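Shown next: data16.pdb, given as PDB, C-alpha atoms.
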ATOM      1  CA  MET Y  29     -95.522   4.372  49.049  1.00  0.00           C
ATOM      2  CA  ALA Y  30     -98.303   3.508  51.440  1.00  0.00           C
ATOM      3  CA  LYS Y  31     -97.841   6.842  53.199  1.00  0.00           C
ATOM      4  CA  THR Y  32     -94.775   9.077  52.864  1.00  0.00           C
ATOM      5  CA  ASN Y  33     -94.583  12.707  54.004  1.00  0.00           C
ATOM      6  CA  GLY Y  34     -98.343  12.680  54.453  1.00  0.00           C
ATOM      7  CA  ILE Y  35     -98.933  11.315  50.939  1.00  0.00           C
ATOM      8  CA  THR Y  36    -101.104   8.205  50.632  1.00  0.00           C
ATOM      9  CA  SER Y  37    -101.152   5.864  47.637  1.00  0.00           C
ATOM     10  CA  LEU Y  38    -104.325   5.890  45.519  1.00  0.00           C
ATOM     11  CA  ALA Y  39    -104.909   2.224  46.319  1.00  0.00           C
ATOM     12  CA  LEU Y  40    -105.364   3.003  50.026  1.00  0.00           C
ATOM     13  CA  ILE Y  41    -107.654   6.035  50.040  1.00  0.00           C
ATOM     14  CA  LYS Y  42    -111.170   5.448  51.387  1.00  0.00           C
ATOM     15  CA  PRO Y  43    -114.252   7.681  51.799  1.00  0.00           C
ATOM     16  CA  PHE Y  44    -114.201   7.792  55.613  1.00  0.00           C
ATOM     17  CA  LYS Y  45    -112.368  11.151  55.454  1.00  0.00           C
ATOM     18  CA  THR Y  46    -111.803  14.004  53.004  1.00  0.00           C
ATOM     19  CA  THR Y  47    -108.340  15.155  54.106  1.00  0.00           C
ATOM     20  CA  TRP Y  48    -106.264  12.729  52.070  1.00  0.00           C
ATOM     21  CA  LYS Y  49    -103.182  13.965  50.225  1.00  0.00           C
ATOM     22  CA  VAL Y  50    -102.122  12.095  47.088  1.00  0.00           C
ATOM     23  CA  GLN Y  51     -99.401  12.596  44.487  1.00  0.00           C
ATOM     24  CA  ALA Y  52    -100.447  11.669  40.963  1.00  0.00           C
ATOM     25  CA  LYS Y  53     -99.984  12.232  37.253  1.00  0.00           C
ATOM     26  CA  ILE Y  54    -102.877  13.613  35.210  1.00  0.00           C
ATOM     27  CA  VAL Y  55    -102.786  10.969  32.488  1.00  0.00           C
ATOM     28  CA  HIS Y  56    -105.913  12.285  30.759  1.00  0.00           C
ATOM     29  CA  SER Y  57    -108.318  15.215  31.154  1.00  0.00           C
ATOM     30  CA  CYS Y  58    -111.171  16.721  29.178  1.00  0.00           C
ATOM     31  CA  ARG Y  59    -114.018  19.149  29.549  1.00  0.00           C
ATOM     32  CA  GLN Y  60    -117.413  17.542  29.233  1.00  0.00           C
ATOM     33  CA  TYR Y  61    -120.943  18.917  29.072  1.00  0.00           C
ATOM     34  CA  THR Y  62    -124.164  17.085  29.859  1.00  0.00           C
ATOM     35  CA  SER Y  63    -127.644  18.493  30.325  1.00  0.00           C
ATOM     36  CA  TYR Y  64    -127.795  16.945  33.811  1.00  0.00           C
ATOM     37  CA  TYR Y  65    -124.401  17.914  35.264  1.00  0.00           C
ATOM     38  CA  GLY Y  66    -123.531  20.940  33.112  1.00  0.00           C
ATOM     39  CA  GLU Y  67    -119.857  21.511  32.333  1.00  0.00           C
ATOM     40  CA  THR Y  68    -117.375  19.360  34.234  1.00  0.00           C
ATOM     41  CA  ILE Y  69    -113.694  18.469  33.974  1.00  0.00           C
ATOM     42  CA  GLU Y  70    -113.153  14.722  33.868  1.00  0.00           C
ATOM     43  CA  MET Y  71    -109.696  13.361  34.670  1.00  0.00           C
ATOM     44  CA  ILE Y  72    -107.776  10.136  35.136  1.00  0.00           C
ATOM     45  CA  PHE Y  73    -104.977  10.173  37.709  1.00  0.00           C
ATOM     46  CA  ALA Y  74    -102.180   7.615  38.155  1.00  0.00           C
ATOM     47  CA  ASP Y  75     -99.744   7.369  41.045  1.00  0.00           C
ATOM     48  CA  LEU Y  76     -96.240   5.915  40.945  1.00  0.00           C
ATOM     49  CA  GLU Y  77     -97.582   2.468  41.828  1.00  0.00           C
ATOM     50  CA  GLY Y  78     -99.700   2.526  38.660  1.00  0.00           C
ATOM     51  CA  THR Y  79    -103.074   2.788  40.420  1.00  0.00           C
ATOM     52  CA  LEU Y  80    -105.605   4.717  38.325  1.00  0.00           C
ATOM     53  CA  ILE Y  81    -108.589   6.700  39.598  1.00  0.00           C
ATOM     54  CA  HIS Y  82    -111.310   8.813  37.964  1.00  0.00           C
ATOM     55  CA  ALA Y  83    -111.623  12.389  39.258  1.00  0.00           C
ATOM     56  CA  THR Y  84    -114.187  15.110  38.531  1.00  0.00           C
ATOM     57  CA  VAL Y  85    -114.332  18.877  38.886  1.00  0.00           C
ATOM     58  CA  ASN Y  86    -118.003  19.860  39.057  1.00  0.00           C
ATOM     59  CA  LYS Y  87    -119.349  22.960  37.321  1.00  0.00           C
ATOM     60  CA  GLN Y  88    -119.149  25.063  40.500  1.00  0.00           C
ATOM     61  CA  GLN Y  89    -115.359  24.629  40.632  1.00  0.00           C
ATOM     62  CA  VAL Y  90    -114.465  24.542  36.907  1.00  0.00           C
ATOM     63  CA  ASN Y  91    -113.348  28.186  36.772  1.00  0.00           C
ATOM     64  CA  LYS Y  92    -111.290  27.759  39.918  1.00  0.00           C
ATOM     65  CA  PHE Y  93    -109.319  24.706  38.848  1.00  0.00           C
ATOM     66  CA  HIS Y  94    -109.234  24.482  35.044  1.00  0.00           C
ATOM     67  CA  ARG Y  95    -105.878  26.299  34.632  1.00  0.00           C
ATOM     68  CA  MET Y  96    -104.222  23.875  37.047  1.00  0.00           C
ATOM     69  CA  ILE Y  97    -105.374  20.764  35.181  1.00  0.00           C
ATOM     70  CA  VAL Y  98    -102.798  19.946  32.504  1.00  0.00           C
ATOM     71  CA  SER Y  99    -102.581  16.437  31.074  1.00  0.00           C
ATOM     72  CA  GLY Y 100     -99.174  14.860  31.592  1.00  0.00           C
ATOM     73  CA  GLU Y 101     -98.264  16.896  34.678  1.00  0.00           C
ATOM     74  CA  TRP Y 102     -97.642  15.518  38.170  1.00  0.00           C
ATOM     75  CA  LYS Y 103     -99.444  17.278  41.029  1.00  0.00           C
ATOM     76  CA  THR Y 104    -100.382  16.811  44.644  1.00  0.00           C
ATOM     77  CA  PHE Y 105    -104.081  16.848  45.532  1.00  0.00           C
ATOM     78  CA  GLU Y 106    -105.441  17.456  49.021  1.00  0.00           C
ATOM     79  CA  ASN Y 107    -108.947  17.512  50.482  1.00  0.00           C
ATOM     80  CA  PHE Y 108    -111.444  15.828  48.174  1.00  0.00           C
ATOM     81  CA  GLN Y 109    -114.509  13.660  48.391  1.00  0.00           C
ATOM     82  CA  LEU Y 110    -114.613   9.968  47.527  1.00  0.00           C
ATOM     83  CA  THR Y 111    -117.737   8.167  46.371  1.00  0.00           C
ATOM     84  CA  LYS Y 112    -118.276   4.629  45.160  1.00  0.00           C
ATOM     85  CA  SER Y 113    -117.507   4.207  41.462  1.00  0.00           C
ATOM     86  CA  MET Y 114    -120.552   2.593  39.866  1.00  0.00           C
ATOM     87  CA  GLY Y 115    -122.217   2.055  36.511  1.00  0.00           C
ATOM     88  CA  ARG Y 116    -121.519   0.083  33.345  1.00  0.00           C
ATOM     89  CA  ASN Y 117    -118.850   2.407  32.047  1.00  0.00           C
ATOM     90  CA  ARG Y 118    -116.511   2.920  34.986  1.00  0.00           C
ATOM     91  CA  ALA Y 119    -113.430   4.792  33.852  1.00  0.00           C
ATOM     92  CA  THR Y 120    -111.003   2.796  36.055  1.00  0.00           C
ATOM     93  CA  LYS Y 121    -110.973  -0.335  38.199  1.00  0.00           C
ATOM     94  CA  HIS Y 122    -110.704   1.763  41.375  1.00  0.00           C
ATOM     95  CA  ALA Y 123    -113.581   1.196  43.800  1.00  0.00           C
ATOM     96  CA  PHE Y 124    -113.960   4.950  44.359  1.00  0.00           C
ATOM     97  CA  LYS Y 125    -114.118   8.170  42.382  1.00  0.00           C
ATOM     98  CA  MET Y 126    -112.626  11.526  43.453  1.00  0.00           C
ATOM     99  CA  THR Y 127    -114.596  14.775  43.372  1.00  0.00           C
ATOM    100  CA  PHE Y 128    -113.006  18.167  43.987  1.00  0.00           C
ATOM    101  CA  THR Y 129    -114.573  20.519  46.545  1.00  0.00           C
ATOM    102  CA  ASN Y 130    -114.111  24.169  47.504  1.00  0.00           C
ATOM    103  CA  THR Y 131    -111.372  23.118  49.945  1.00  0.00           C
ATOM    104  CA  THR Y 132    -109.408  20.999  47.447  1.00  0.00           C
ATOM    105  CA  VAL Y 133    -105.785  22.121  47.089  1.00  0.00           C
ATOM    106  CA  ILE Y 134    -103.635  21.377  44.017  1.00  0.00           C
ATOM    107  CA  GLY Y 135     -99.893  21.607  44.605  1.00  0.00           C
ATOM    108  CA  ARG Y 136     -96.708  21.276  42.585  1.00  0.00           C
ATOM    109  CA  SER Y 137     -94.897  17.980  42.246  1.00  0.00           C
ATOM    110  CA  PRO Y 138     -91.653  16.865  40.623  1.00  0.00           C
ATOM    111  CA  ILE Y 139     -91.911  14.606  37.591  1.00  0.00           C
ATOM    112  CA  LEU Y 140     -91.826  11.072  39.001  1.00  0.00           C
ATOM    113  CA  SER Y 141     -92.318   9.082  35.790  1.00  0.00           C
ATOM    114  CA  ASP Y 142     -92.943   9.558  32.069  1.00  0.00           C
ATOM    115  CA  ASP Y 143     -95.070   6.383  32.013  1.00  0.00           C
ATOM    116  CA  MET Y 144     -98.576   6.640  30.492  1.00  0.00           C
ATOM    117  CA  PHE Y 145     -99.778   3.949  32.947  1.00  0.00           C
ATOM    118  CA  LEU Y 146    -101.765   2.081  30.318  1.00  0.00           C
ATOM    119  CA  ASP Y 147    -103.977  -0.875  31.213  1.00  0.00           C
ATOM    120  CA  LEU Y 148    -103.649  -3.094  28.131  1.00  0.00           C
ATOM    121  CA  VAL Y 149    -104.864  -6.683  27.650  1.00  0.00           C
ATOM    122  CA  ASP Y 150    -105.558  -9.009  24.728  1.00  0.00           C
ATOM    123  CA  PHE Y 151    -108.893  -8.334  23.032  1.00  0.00           C
ATOM    124  CA  GLY Y 152    -110.401 -11.503  24.476  1.00  0.00           C
ATOM    125  CA  ASN Y 153    -109.898 -10.207  28.017  1.00  0.00           C
ATOM    126  CA  ILE Y 154    -111.081  -6.604  27.593  1.00  0.00           C
ATOM    127  CA  LEU Y 155    -113.221  -5.163  30.383  1.00  0.00           C
ATOM    128  CA  ASP Y 156    -114.939  -1.788  30.675  1.00  0.00           C
ATOM    129  CA  GLU Y 157    -111.883  -0.255  32.332  1.00  0.00           C
ATOM    130  CA  ASN Y 158    -109.181  -1.360  29.875  1.00  0.00           C
ATOM    131  CA  ASP Y 159    -107.330   0.691  27.281  1.00  0.00           C
ATOM    132  CA  VAL Y 160    -107.334  -0.693  23.725  1.00  0.00           C
ATOM    133  CA  LEU Y 161    -104.291  -0.966  21.449  1.00  0.00           C
ATOM    134  CA  GLY Y 162    -104.673  -2.448  17.985  1.00  0.00           C
ATOM    135  CA  GLN Y 163    -103.865  -2.300  14.300  1.00  0.00           C
ATOM    136  CA  VAL Y 164    -106.535  -1.108  11.869  1.00  0.00           C
ATOM    137  CA  VAL Y 165    -107.319  -3.923   9.410  1.00  0.00           C
ATOM    138  CA  SER Y 166    -110.456  -2.510   7.767  1.00  0.00           C
ATOM    139  CA  VAL Y 167    -112.225   0.830   7.492  1.00  0.00           C
ATOM    140  CA  GLY Y 168    -115.872   1.292   6.563  1.00  0.00           C
ATOM    141  CA  ALA Y 169    -117.565   4.252   4.923  1.00  0.00           C
ATOM    142  CA  MET Y 170    -117.892   7.539   6.792  1.00  0.00           C
ATOM    143  CA  LYS Y 171    -121.533   7.957   7.782  1.00  0.00           C
ATOM    144  CA  THR Y 172    -123.608  10.778   9.193  1.00  0.00           C
ATOM    145  CA  HIS Y 173    -125.762   9.979  12.205  1.00  0.00           C
ATOM    146  CA  ASP Y 174    -128.557  12.011  13.772  1.00  0.00           C
ATOM    147  CA  GLN Y 175    -128.525  11.694  17.570  1.00  0.00           C
ATOM    148  CA  ASN Y 176    -131.414  13.574  19.121  1.00  0.00           C
ATOM    149  CA  GLY Y 177    -131.182  16.278  16.488  1.00  0.00           C
ATOM    150  CA  LYS Y 178    -127.390  16.540  16.688  1.00  0.00           C
ATOM    151  CA  ILE Y 179    -125.529  15.494  13.558  1.00  0.00           C
ATOM    152  CA  SER Y 180    -122.374  13.459  14.135  1.00  0.00           C
ATOM    153  CA  LYS Y 181    -119.926  11.546  11.942  1.00  0.00           C
ATOM    154  CA  ARG Y 182    -119.626   7.778  12.497  1.00  0.00           C
ATOM    155  CA  LEU Y 183    -116.919   5.418  11.281  1.00  0.00           C
ATOM    156  CA  GLU Y 184    -116.754   1.640  11.677  1.00  0.00           C
ATOM    157  CA  ILE Y 185    -113.288   0.068  11.802  1.00  0.00           C
ATOM    158  CA  GLU Y 186    -111.892  -3.332  12.730  1.00  0.00           C
ATOM    159  CA  LEU Y 187    -108.818  -3.757  14.905  1.00  0.00           C
ATOM    160  CA  ARG Y 188    -106.555  -6.722  15.585  1.00  0.00           C
ATOM    161  CA  ASP Y 189    -104.189  -7.449  18.473  1.00  0.00           C
ATOM    162  CA  THR Y 190    -100.870  -9.306  18.461  1.00  0.00           C
ATOM    163  CA  SER Y 191    -102.713 -12.664  18.585  1.00  0.00           C
ATOM    164  CA  ASP Y 192    -104.806 -11.662  15.534  1.00  0.00           C
ATOM    165  CA  ASN Y 193    -107.980 -11.423  17.619  1.00  0.00           C
ATOM    166  CA  ARG Y 194    -110.406  -9.036  15.910  1.00  0.00           C
ATOM    167  CA  LEU Y 195    -112.453  -6.275  17.527  1.00  0.00           C
ATOM    168  CA  SER Y 196    -115.118  -4.055  15.950  1.00  0.00           C
ATOM    169  CA  CYS Y 197    -114.855  -0.389  16.820  1.00  0.00           C
ATOM    170  CA  THR Y 198    -117.212   2.548  16.212  1.00  0.00           C
ATOM    171  CA  LEU Y 199    -115.704   6.025  16.291  1.00  0.00           C
ATOM    172  CA  TRP Y 200    -117.844   9.140  16.618  1.00  0.00           C
ATOM    173  CA  GLY Y 201    -117.380  12.828  15.838  1.00  0.00           C
ATOM    174  CA  ARG Y 202    -113.835  14.155  15.677  1.00  0.00           C
ATOM    175  CA  PHE Y 203    -112.495  10.687  16.539  1.00  0.00           C
ATOM    176  CA  ALA Y 204    -114.060   9.345  13.336  1.00  0.00           C
ATOM    177  CA  GLU Y 205    -112.755  12.266  11.292  1.00  0.00           C
ATOM    178  CA  ASN Y 206    -109.213  11.942  12.686  1.00  0.00           C
ATOM    179  CA  MET Y 207    -109.076   8.215  11.969  1.00  0.00           C
ATOM    180  CA  TRP Y 208    -110.434   8.692   8.450  1.00  0.00           C
ATOM    181  CA  ASP Y 209    -107.820  11.367   7.688  1.00  0.00           C
ATOM    182  CA  GLU Y 210    -104.938   9.297   9.073  1.00  0.00           C
ATOM    183  CA  CYS Y 211    -105.965   6.188   7.133  1.00  0.00           C
ATOM    184  CA  GLU Y 212    -106.141   8.257   3.947  1.00  0.00           C
ATOM    185  CA  LYS Y 213    -102.643   9.650   4.570  1.00  0.00           C
ATOM    186  CA  ALA Y 214    -101.245   6.189   5.325  1.00  0.00           C
ATOM    187  CA  GLU Y 215    -101.966   4.992   1.754  1.00  0.00           C
ATOM    188  CA  GLY Y 216    -101.858   1.347   2.775  1.00  0.00           C
ATOM    189  CA  SER Y 217     -99.136   1.602   5.431  1.00  0.00           C
ATOM    190  CA  PRO Y 218    -100.013   0.106   8.844  1.00  0.00           C
ATOM    191  CA  VAL Y 219    -102.164   2.265  11.111  1.00  0.00           C
ATOM    192  CA  ASN Y 220    -101.967   1.466  14.822  1.00  0.00           C
ATOM    193  CA  CYS Y 221    -104.095   3.203  17.393  1.00  0.00           C
ATOM    194  CA  LEU Y 222    -104.508   3.513  21.124  1.00  0.00           C
ATOM    195  CA  ILE Y 223    -107.971   4.231  22.528  1.00  0.00           C
ATOM    196  CA  ARG Y 224    -107.804   5.235  26.158  1.00  0.00           C
ATOM    197  CA  LEU Y 225    -111.045   4.863  28.122  1.00  0.00           C
ATOM    198  CA  ALA Y 226    -112.864   3.001  25.369  1.00  0.00           C
ATOM    199  CA  LYS Y 227    -116.548   2.254  25.894  1.00  0.00           C
ATOM    200  CA  ILE Y 228    -117.271  -1.494  25.827  1.00  0.00           C
ATOM    201  CA  ASN Y 229    -120.580  -2.863  24.526  1.00  0.00           C
ATOM    202  CA  MET Y 230    -121.993  -6.327  23.837  1.00  0.00           C
ATOM    203  CA  PHE Y 231    -124.174  -7.016  20.778  1.00  0.00           C
ATOM    204  CA  ASN Y 232    -125.413 -10.518  19.872  1.00  0.00           C
ATOM    205  CA  GLY Y 233    -122.750 -11.965  22.142  1.00  0.00           C
ATOM    206  CA  GLN Y 234    -119.988 -10.010  20.414  1.00  0.00           C
ATOM    207  CA  ARG Y 235    -117.800  -7.480  22.219  1.00  0.00           C
ATOM    208  CA  LEU Y 236    -117.679  -4.050  20.547  1.00  0.00           C
ATOM    209  CA  ILE Y 237    -115.936  -0.815  21.489  1.00  0.00           C
ATOM    210  CA  SER Y 238    -116.453   2.864  20.798  1.00  0.00           C
ATOM    211  CA  ASN Y 239    -115.090   6.148  22.039  1.00  0.00           C
ATOM    212  CA  ALA Y 240    -116.936   7.508  25.051  1.00  0.00           C
ATOM    213  CA  TYR Y 241    -117.200  10.869  23.304  1.00  0.00           C
ATOM    214  CA  ASP Y 242    -114.678  13.413  24.649  1.00  0.00           C
ATOM    215  CA  MET Y 243    -113.887  11.304  27.724  1.00  0.00           C
ATOM    216  CA  SER Y 244    -111.848   8.946  25.539  1.00  0.00           C
ATOM    217  CA  LEU Y 245    -108.427   9.645  24.058  1.00  0.00           C
ATOM    218  CA  LEU Y 246    -107.444   8.476  20.560  1.00  0.00           C
ATOM    219  CA  LEU Y 247    -103.775   8.330  19.572  1.00  0.00           C
ATOM    220  CA  ILE Y 248    -102.923   7.183  16.048  1.00  0.00           C
ATOM    221  CA  ASN Y 249     -99.434   5.790  15.371  1.00  0.00           C
ATOM    222  CA  PRO Y 250     -98.145   7.386  18.577  1.00  0.00           C
ATOM    223  CA  ASP Y 251     -94.412   7.351  19.276  1.00  0.00           C
ATOM    224  CA  ILE Y 252     -94.618   5.450  22.553  1.00  0.00           C
ATOM    225  CA  PRO Y 253     -92.839   2.286  23.821  1.00  0.00           C
ATOM    226  CA  GLU Y 254     -96.087   0.310  23.868  1.00  0.00           C
ATOM    227  CA  ILE Y 255     -96.556   0.834  20.117  1.00  0.00           C
ATOM    228  CA  VAL Y 256     -92.942  -0.154  19.382  1.00  0.00           C
ATOM    229  CA  ASP Y 257     -93.464  -3.364  21.380  1.00  0.00           C
ATOM    230  CA  PHE Y 258     -96.826  -3.990  19.674  1.00  0.00           C
ATOM    231  CA  VAL Y 259     -95.359  -3.609  16.174  1.00  0.00           C
ATOM    232  CA  SER Y 260     -92.432  -5.905  17.006  1.00  0.00           C
ATOM    233  CA  LYS Y 261     -94.912  -8.673  17.874  1.00  0.00           C
TER     234      LYS Y 261
END
File written out as structure tokens:
Amino acid sequence: MAKTNGITSLALIKPFKTTWKVQAKIVHSCRQYTSYYGETIEMIFADLEGTLIHATVNKQQVNKFHRMIVSGEWKTFENFQLTKSMGRNRATKHAFKMTFTNTTVIGRSPILSDDMFLDLVDFGNILDENDVLGQVVSVGAMKTHDQNGKISKRLEIELRDTSDNRLSCTLWGRFAENMWDECEKAEGSPVNCLIRLAKINMFNGQRLISNAYDMSLLLINPDIPEIVDFVSK
């Protein structure tokens, strides 16, 4: 799928032009607000080859595009800017990031795959751009944290992978509350979770993860093939 009917694979797009046309699944989307950028829509796209890319709708175009952005749907996207993807917490391994413009066109697409296009590895090989799948082996106390005058819940948990590697995880806000509620309901039964777009940190030589606020996605005991395979191992 290098280029078919004018559609180029995500792996081949480069910033030397803005008239690319790609066909991709919106595997994750969320609205995000920062004092610097204002309200944006942050998205992760995947094409049929499994290439992932981070895309953004800036505040000037949010009202124009927000109804067309539905997680799980396949779409075509034409006319967008590409800039180098930089920083510690890149959302994907792709070298570039997409940004919608006033001339961006979103079109219909048939469903090409039901795949979630996860990027899973053992805990020992986790990078900033990986998704995290693990079983909850311990849950700390729910704590309240003051971040610049904003009160947020915080929950520390420990996860293990199929090789029994352990990974400390800090969940914030509604992610912490959802995990706490699900662990209470489980009453000792196994709790498995998928954290998409986890934020990776290092502390005293130890790798830690947390949710990157609303940019992350937390699924607890989801009914997906990856969980079935994980449990079987």
Distance of atom CA of Ile69 of chain Y from atom CA of Asn86 of chain Y, expressed in Å to one decimal place: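 Between atom CA of Asn86 of chain Y and atom CA of Ile69 of chain Y the gap is 6.8 Å.
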Written as JSON, numbers by chain, what is the full residue list that the PyMOL selection byres ((chain Y and resi 47-59) around 8) yields on the file shown? {"Y": [34, 35, 36, 37, 38, 41, 45, 46, 60, 61, 67, 68, 69, 70, 71, 72, 73, 74, 75, 76, 97, 98, 99, 100, 101, 102, 103, 104, 105, 106, 107, 108, 137, 144, 145, 242, 243, 245]}
I'd like to know which of Y:Arg224, Y:Arg202, Y:His82, Y:Lys178 is closest to Thr111 of chain Y, using all atoms listed in the file. Y:His82
Could you pull the residues within 10 Å of Ser238 of chain Y, counting only C-alpha atoms, minus those fewer than 4 positions along the same chain, as a list in words?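 Neighbouring residues, sequence-local ones excluded: Leu183, Glu184, Ile185, Ser196, Cys197, Thr198, Leu199, Trp200, Phe203, Ile223, Leu225, Ala226, Lys227, Ile228, Asn229 and Ser244 of chain Y.
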Excluding Asp150 of chain Y and its own-chain neighbours fewer than 3 positions away, which residues fall within 8 Å of it when counting only C-alpha atoms? Please give them as a ChimeraX atom specification. /Y:153-154,189-191,193
Taking C-alpha atoms for each residue, export the selection above as an mmCIF file, keeping the file's coordinate frame.
data_model
loop_
_atom_site.group_PDB
_atom_site.id
_atom_site.type_symbol
_atom_site.label_atom_id
_atom_site.label_comp_id
_atom_site.auth_asym_id
_atom_site.auth_seq_id
_atom_site.Cartn_x
_atom_site.Cartn_y
_atom_site.Cartn_z
ATOM 1 C CA ASN Y 153 -109.898 -10.207 28.017
ATOM 2 C CA ILE Y 154 -111.081 -6.604 27.593
ATOM 3 C CA ASP Y 189 -104.189 -7.449 18.473
ATOM 4 C CA THR Y 190 -100.870 -9.306 18.461
ATOM 5 C CA SER Y 191 -102.713 -12.664 18.585
ATOM 6 C CA ASN Y 193 -107.980 -11.423 17.619
#
Between atom CA of Lys112 of chain Y and atom CA of Val133 of chain Y, what is the spacing in Å? 21.6 Å
Could you state the separation of atom CA of His173 of chain Y and atom CA of Gln234 of chain Y in Å, given to one decimal place?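 Atom-to-atom, atom CA of His173 of chain Y and atom CA of Gln234 of chain Y are spaced 22.4 Å apart.
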Find the residues with any atom within 8 Å of (-108.4, 1.2, 44.8); use all atoms listed in the file and the coordinates as given in the file, and write the answer as a PyMOL selection string. chain Y and resi 38-41+79-81+121-124
Which of these, Y:Asn33, Y:Thr127, Y:Ser141, Y:Gln109, has the shortest distance to Glu77 of chain Y once you count only C-alpha atoms?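 Among the listed residues, the smallest separation from Glu77 of chain Y belongs to Y:Ser141.
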Residue nearest Phe44 of chain Y among Y:Leu110, Y:Glu186, Y:Pro253, Y:His94 (counting all atoms listed in the file):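 Between Y:Leu110, Y:Glu186, Y:Pro253, Y:His94, the residue approaching Phe44 of chain Y most closely is Y:Leu110.
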Please report, as lines of an AutoDock Vina configuration file, the centre and edge lengths in Å to one decimal of an axis-aligned box covering all listed atoms of segment 138-154 of chain Y with 6 Å per side.
center_x = -101.4
center_y = 2.7
center_z = 31.8
size_x = 31.4
size_y = 40.4
size_z = 29.6
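Nearest-residue note for Tyr241 of chain Y: choosing from Y:Gln163, Y:Ser180, Y:Thr131, Y:Ser260, the minimum distance belongs to Y:Ser180, counting all atoms listed in the file.
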Applying 12 Å and all atoms listed in the file, which residues near Ser217 of chain Y remain after dropping the ones on its own chain fewer than 2 positions away? List them as a PyMOL selection string. chain Y and resi 163-165+210-215+219-220+249
